[in-house]
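**Student:** Below is one structure. I have some questions about it.
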Amino acid sequence: MALSIADLPKEELFGQGNAGCGGCGAAVAGRQAMKALGSRTIMTIPASCMATMGGSNLKTTWQIPFYHTLFEIAPAVSSGIRAALEVQGIEDVNVVSWAGDAGTADIGFQALTGAAERNEHMLHVCYDNEMYMNTGGQTGSQTPMYAVTSNMSKGKTIKKKNMLAIMEAHGIDYVASASIAYPLDLIAKFKKAAEKPGFSYIHILAPCHRGWQIPQEKTIEFARLAVESGLFELYEVEDGLRTRNVEPSFIPVEDYLTPQGRFKNLTPEAIQSIQAGVNRHYGRGE
Ligand SMILES: Cc1ncc(C[n+]2csc(CCOP(=O)(O)OP(=O)(O)O)c2C)c(N)n1
């Protein structure tokens with residue numbers, strides 16, 4: 001039977017008085033994910049907004065054990081936690097590393113690829129706000145081309161690295177993209193990942209209104225537009241089988257891009273080339 005909002009647990013394991021900005025997409029992702037993972041979960045989080053947002057000392061937002069790790073090592077710490085649980089014969093705990101796009105695709109990548117190669121029994125989550133937000137919105141490999149950031153005032157000149165494809169290439173148990181605008185799809189994916197005996201990877205597009213320069217109450221709306229335009233595809237890969245979970249309605253990419261302040265330098269030619277890329281990807285002709 002399909003999951004419904006009414007079936008979700010009422011318990012809030014993330015989100016009670018967090019220190020994130022109003023309208024923070026990552027905080028929404030945390031709240032949704034915990035509805036699937038439940039209280040038998042240990043989380044490691046490297047330097048990022050999400051680490052600071054979790055609070056400190058006795059005032060943590062997470063109602064589960066949460067370990068704020070160094071930037072480069074969250075999946076390695078999670079691997080160690082899994083090993084420690086195993087020697088104690090504890091099997092009913094989800095071990096998760098939860099990192100931003102820099103903590104996943106850039107500075108944290110070596111620990112991630114190592115843990116994935118070993119097919120550790122754990123889940124790595126990338127909440128992708130497409131910038132280094134906790135230090136002021138710098139460019140990273142997950143920043144899309146043309147986006148203006150605090151250190152690239154004319155916009156990024158190279159393409160976004162495809163982390164989902166990279167993780168798929170590891171041959172791990174489960175790879176999925178998810179969006180905070182599609183909570184039931186996201187929650188179903190976390191449930192699936194939690195049941196895998198090996199490594200799972202979930203990549204969540206989590207808009208940041210500050211970096212994206214959008215109104216703070218429109219975080220979810222832009223997350224949805226990304227999917228509807230076809231720019232952020234919702235899919236999963238299980239046993240080598242790739243399934244698209246949501247068919248986009250194919251609104252013009254322009255409707256997603258131009259209202260965002262970070263794309264203020266987009267030329268009509270650039271918009272055309274982005275649209276052409278989407279059309280090619282979905283086999284829709286030019
Ligand atoms: C080794 C190291 N280099 C740099 C930093 C400074 N630093 C802390 S958080 C951060 C950016 C994190 O970006 P991301 O992972 O995308 O998460 P976000 O802040 O966007 O939530 C940086 C550069 C650090 N803590 N450690």
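If you're wondering about the labels, chains in the structure tokens are A, B, ... by order shown, residues count from 1 in each chain, ligands from 1 in order shown.
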Step by step, measure atom-to-atom distances between ligand 1 and each residue using only C-alpha atoms and all ligand atoms, keep those at most 6 Å, then write them as a PyMOL selection string.
**Tutor:** chain A and resi 47-50+71+99-103+129+131-135
**Student:** Restricting the output to N, CA and C atoms, write the selected residues as a PDB file, in the first residue's frame.
**Tutor:**
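As a result, again_31.pdb now contains:
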ATOM      1  N   ALA A  47      31.299  19.297   9.357  1.00  0.00           N
ATOM      2  CA  ALA A  47      31.145  20.754   9.328  1.00  0.00           C
ATOM      3  C   ALA A  47      30.192  21.144   8.207  1.00  0.00           C
ATOM      4  N   SER A  48      29.183  21.940   8.515  1.00  0.00           N
ATOM      5  CA  SER A  48      28.149  22.333   7.544  1.00  0.00           C
ATOM      6  C   SER A  48      27.078  23.110   8.291  1.00  0.00           C
ATOM      7  N   CYS A  49      26.112  23.645   7.577  1.00  0.00           N
ATOM      8  CA  CYS A  49      24.965  24.275   8.243  1.00  0.00           C
ATOM      9  C   CYS A  49      24.279  23.274   9.157  1.00  0.00           C
ATOM     10  N   MET A  50      24.115  22.074   8.651  1.00  0.00           N
ATOM     11  CA  MET A  50      23.337  21.071   9.387  1.00  0.00           C
ATOM     12  C   MET A  50      24.007  20.727  10.724  1.00  0.00           C
ATOM     13  N   PHE A  71      35.351  17.773   8.881  1.00  0.00           N
ATOM     14  CA  PHE A  71      34.760  17.945   7.552  1.00  0.00           C
ATOM     15  C   PHE A  71      34.948  16.724   6.641  1.00  0.00           C
ATOM     16  N   ALA A  99      25.683  14.863   5.094  1.00  0.00           N
ATOM     17  CA  ALA A  99      26.618  15.963   4.795  1.00  0.00           C
ATOM     18  C   ALA A  99      26.058  16.886   3.728  1.00  0.00           C
ATOM     19  N   GLY A 100      26.565  18.090   3.708  1.00  0.00           N
ATOM     20  CA  GLY A 100      26.231  19.027   2.640  1.00  0.00           C
ATOM     21  C   GLY A 100      26.918  18.617   1.350  1.00  0.00           C
ATOM     22  N   ASP A 101      26.755  19.427   0.321  1.00  0.00           N
ATOM     23  CA  ASP A 101      27.354  19.061  -0.962  1.00  0.00           C
ATOM     24  C   ASP A 101      28.886  19.119  -0.917  1.00  0.00           C
ATOM     25  N   ALA A 102      29.447  20.038  -0.138  1.00  0.00           N
ATOM     26  CA  ALA A 102      30.912  20.074  -0.028  1.00  0.00           C
ATOM     27  C   ALA A 102      31.409  18.895   0.798  1.00  0.00           C
ATOM     28  N   GLY A 103      30.707  18.604   1.901  1.00  0.00           N
ATOM     29  CA  GLY A 103      31.088  17.478   2.754  1.00  0.00           C
ATOM     30  C   GLY A 103      30.899  16.140   2.056  1.00  0.00           C
ATOM     31  N   ASN A 129      22.567  22.008  -1.325  1.00  0.00           N
ATOM     32  CA  ASN A 129      22.074  23.381  -1.521  1.00  0.00           C
ATOM     33  C   ASN A 129      22.940  24.099  -2.558  1.00  0.00           C
ATOM     34  N   MET A 131      25.956  25.053  -2.776  1.00  0.00           N
ATOM     35  CA  MET A 131      26.975  26.037  -2.385  1.00  0.00           C
ATOM     36  C   MET A 131      27.528  25.664  -1.014  1.00  0.00           C
ATOM     37  N   TYR A 132      28.638  26.307  -0.629  1.00  0.00           N
ATOM     38  CA  TYR A 132      29.169  26.132   0.725  1.00  0.00           C
ATOM     39  C   TYR A 132      28.496  27.192   1.602  1.00  0.00           C
ATOM     40  N   MET A 133      27.339  26.883   2.118  1.00  0.00           N
ATOM     41  CA  MET A 133      26.543  27.936   2.754  1.00  0.00           C
ATOM     42  C   MET A 133      27.030  28.322   4.141  1.00  0.00           C
ATOM     43  N   ASN A 134      27.537  27.354   4.882  1.00  0.00           N
ATOM     44  CA  ASN A 134      27.892  27.672   6.263  1.00  0.00           C
ATOM     45  C   ASN A 134      29.058  28.651   6.361  1.00  0.00           C
ATOM     46  N   THR A 135      29.816  28.764   5.291  1.00  0.00           N
ATOM     47  CA  THR A 135      30.940  29.710   5.312  1.00  0.00           C
ATOM     48  C   THR A 135      30.677  30.899   4.389  1.00  0.00           C
TER      49      THR A 135
END
**Student:** Using only C-alpha atoms, what table do you get, as a tab-separated table, when you list each residue of region 167-267 of chain A with an atom no more than 8 Å from region 141-148 of chain A, its nearest pair of atoms, and their distance in Å rounded to one decimal, rows by chain then rising number?
**Tutor:**
residue	atom	partner	partner_atom	distance
A:Arg262	CA	A:Val148	CA	4.8
A:Phe263	CA	A:Ala147	CA	5.1
A:Lys264	CA	A:Val148	CA	7.7
A:Asn265	CA	A:Tyr146	CA	7.1
A:Leu266	CA	A:Tyr146	CA	6.6
**Student:** Can you spit out the residues from that selection as a PDB file, in the first residue's frame, using C-alpha atoms?
**Tutor:**
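again-v9.pdb, freshly written:
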ATOM      1  CA  ARG A 262      21.814  33.690  -8.314  1.00  0.00           C
ATOM      2  CA  PHE A 263      21.034  33.246 -12.029  1.00  0.00           C
ATOM      3  CA  LYS A 264      20.784  36.964 -12.728  1.00  0.00           C
ATOM      4  CA  ASN A 265      23.551  36.742 -15.331  1.00  0.00           C
ATOM      5  CA  LEU A 266      21.853  34.051 -17.431  1.00  0.00           C
TER       6      LEU A 266
END
**Student:** Give the helix (DSSP H, G or I) residues of region 74-213 of chain A, as assigned by DSSP on the backbone, as a VMD selection string.
**Tutor:** chain A and resid 74 to 87 101 to 106 109 to 117 133 to 135 163 to 168 183 to 195 209 to 212
**Student:** Write out as a PDB file with N, CA and C atoms, in the first residue's frame the residues lying within 12 Å of Glu195 (chain A), counting only C-alpha atoms and excluding same-chain residues fewer than 6 positions away.
**Tutor:**
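File produced: result.pdb:
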ATOM      1  N   ALA A  36      11.247   8.457   8.540  1.00  0.00           N
ATOM      2  CA  ALA A  36      11.509   7.113   8.026  1.00  0.00           C
ATOM      3  C   ALA A  36      12.520   6.367   8.889  1.00  0.00           C
ATOM      4  N   LEU A  37      13.544   7.072   9.361  1.00  0.00           N
ATOM      5  CA  LEU A  37      14.643   6.375  10.026  1.00  0.00           C
ATOM      6  C   LEU A  37      14.293   5.959  11.457  1.00  0.00           C
ATOM      7  N   GLU A  91      22.081  -5.021  16.014  1.00  0.00           N
ATOM      8  CA  GLU A  91      21.778  -5.041  14.574  1.00  0.00           C
ATOM      9  C   GLU A  91      20.673  -4.071  14.163  1.00  0.00           C
ATOM     10  N   ASP A  92      19.935  -3.535  15.147  1.00  0.00           N
ATOM     11  CA  ASP A  92      18.726  -2.773  14.785  1.00  0.00           C
ATOM     12  C   ASP A  92      18.944  -1.255  14.767  1.00  0.00           C
ATOM     13  N   VAL A  93      20.145  -0.832  14.412  1.00  0.00           N
ATOM     14  CA  VAL A  93      20.434   0.604  14.407  1.00  0.00           C
ATOM     15  C   VAL A  93      20.802   1.058  12.988  1.00  0.00           C
ATOM     16  N   ASN A  94      20.195   2.155  12.548  1.00  0.00           N
ATOM     17  CA  ASN A  94      20.586   2.755  11.266  1.00  0.00           C
ATOM     18  C   ASN A  94      21.797   3.648  11.500  1.00  0.00           C
ATOM     19  N   VAL A  95      22.824   3.440  10.698  1.00  0.00           N
ATOM     20  CA  VAL A  95      24.010   4.296  10.803  1.00  0.00           C
ATOM     21  C   VAL A  95      24.049   5.183   9.560  1.00  0.00           C
ATOM     22  N   HIS A 121      27.784  -1.143   5.767  1.00  0.00           N
ATOM     23  CA  HIS A 121      26.346  -1.180   6.074  1.00  0.00           C
ATOM     24  C   HIS A 121      25.942   0.174   6.659  1.00  0.00           C
ATOM     25  N   MET A 122      25.658   1.119   5.794  1.00  0.00           N
ATOM     26  CA  MET A 122      25.319   2.478   6.239  1.00  0.00           C
ATOM     27  C   MET A 122      24.664   3.255   5.097  1.00  0.00           C
ATOM     28  N   LEU A 123      24.150   4.406   5.454  1.00  0.00           N
ATOM     29  CA  LEU A 123      23.544   5.312   4.468  1.00  0.00           C
ATOM     30  C   LEU A 123      24.301   6.634   4.501  1.00  0.00           C
ATOM     31  N   ASP A 173      24.464  -0.780  -2.905  1.00  0.00           N
ATOM     32  CA  ASP A 173      23.139  -1.407  -2.818  1.00  0.00           C
ATOM     33  C   ASP A 173      22.015  -0.508  -3.316  1.00  0.00           C
ATOM     34  N   TYR A 174      22.144   0.788  -3.052  1.00  0.00           N
ATOM     35  CA  TYR A 174      21.004   1.664  -3.356  1.00  0.00           C
ATOM     36  C   TYR A 174      21.478   3.087  -3.604  1.00  0.00           C
ATOM     37  N   ALA A 188       9.861   7.210   1.502  1.00  0.00           N
ATOM     38  CA  ALA A 188       9.893   5.821   1.006  1.00  0.00           C
ATOM     39  C   ALA A 188      11.332   5.425   0.669  1.00  0.00           C
ATOM     40  N   LYS A 189      12.107   6.352   0.136  1.00  0.00           N
ATOM     41  CA  LYS A 189      13.492   6.053  -0.231  1.00  0.00           C
ATOM     42  C   LYS A 189      14.365   5.835   1.013  1.00  0.00           C
TER      43      LYS A 189
END
**Student:** Out of region 126-265 of chain A, which residues get strand (DSSP E) from DSSP, as a list in words?
**Tutor:**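 Matching residues for strand (DSSP E) in region 126-265 of chain A are Cys126, Tyr127, Asp128, Tyr174, Val175, Ala176, Ser177, Ala178, Ser179, Phe199, Ser200, Tyr201, Ile202, His203, Ile204, Leu205, Tyr235, Glu236, Val237, Glu238, Leu241, Arg242, Thr243 and Arg244 of chain A.
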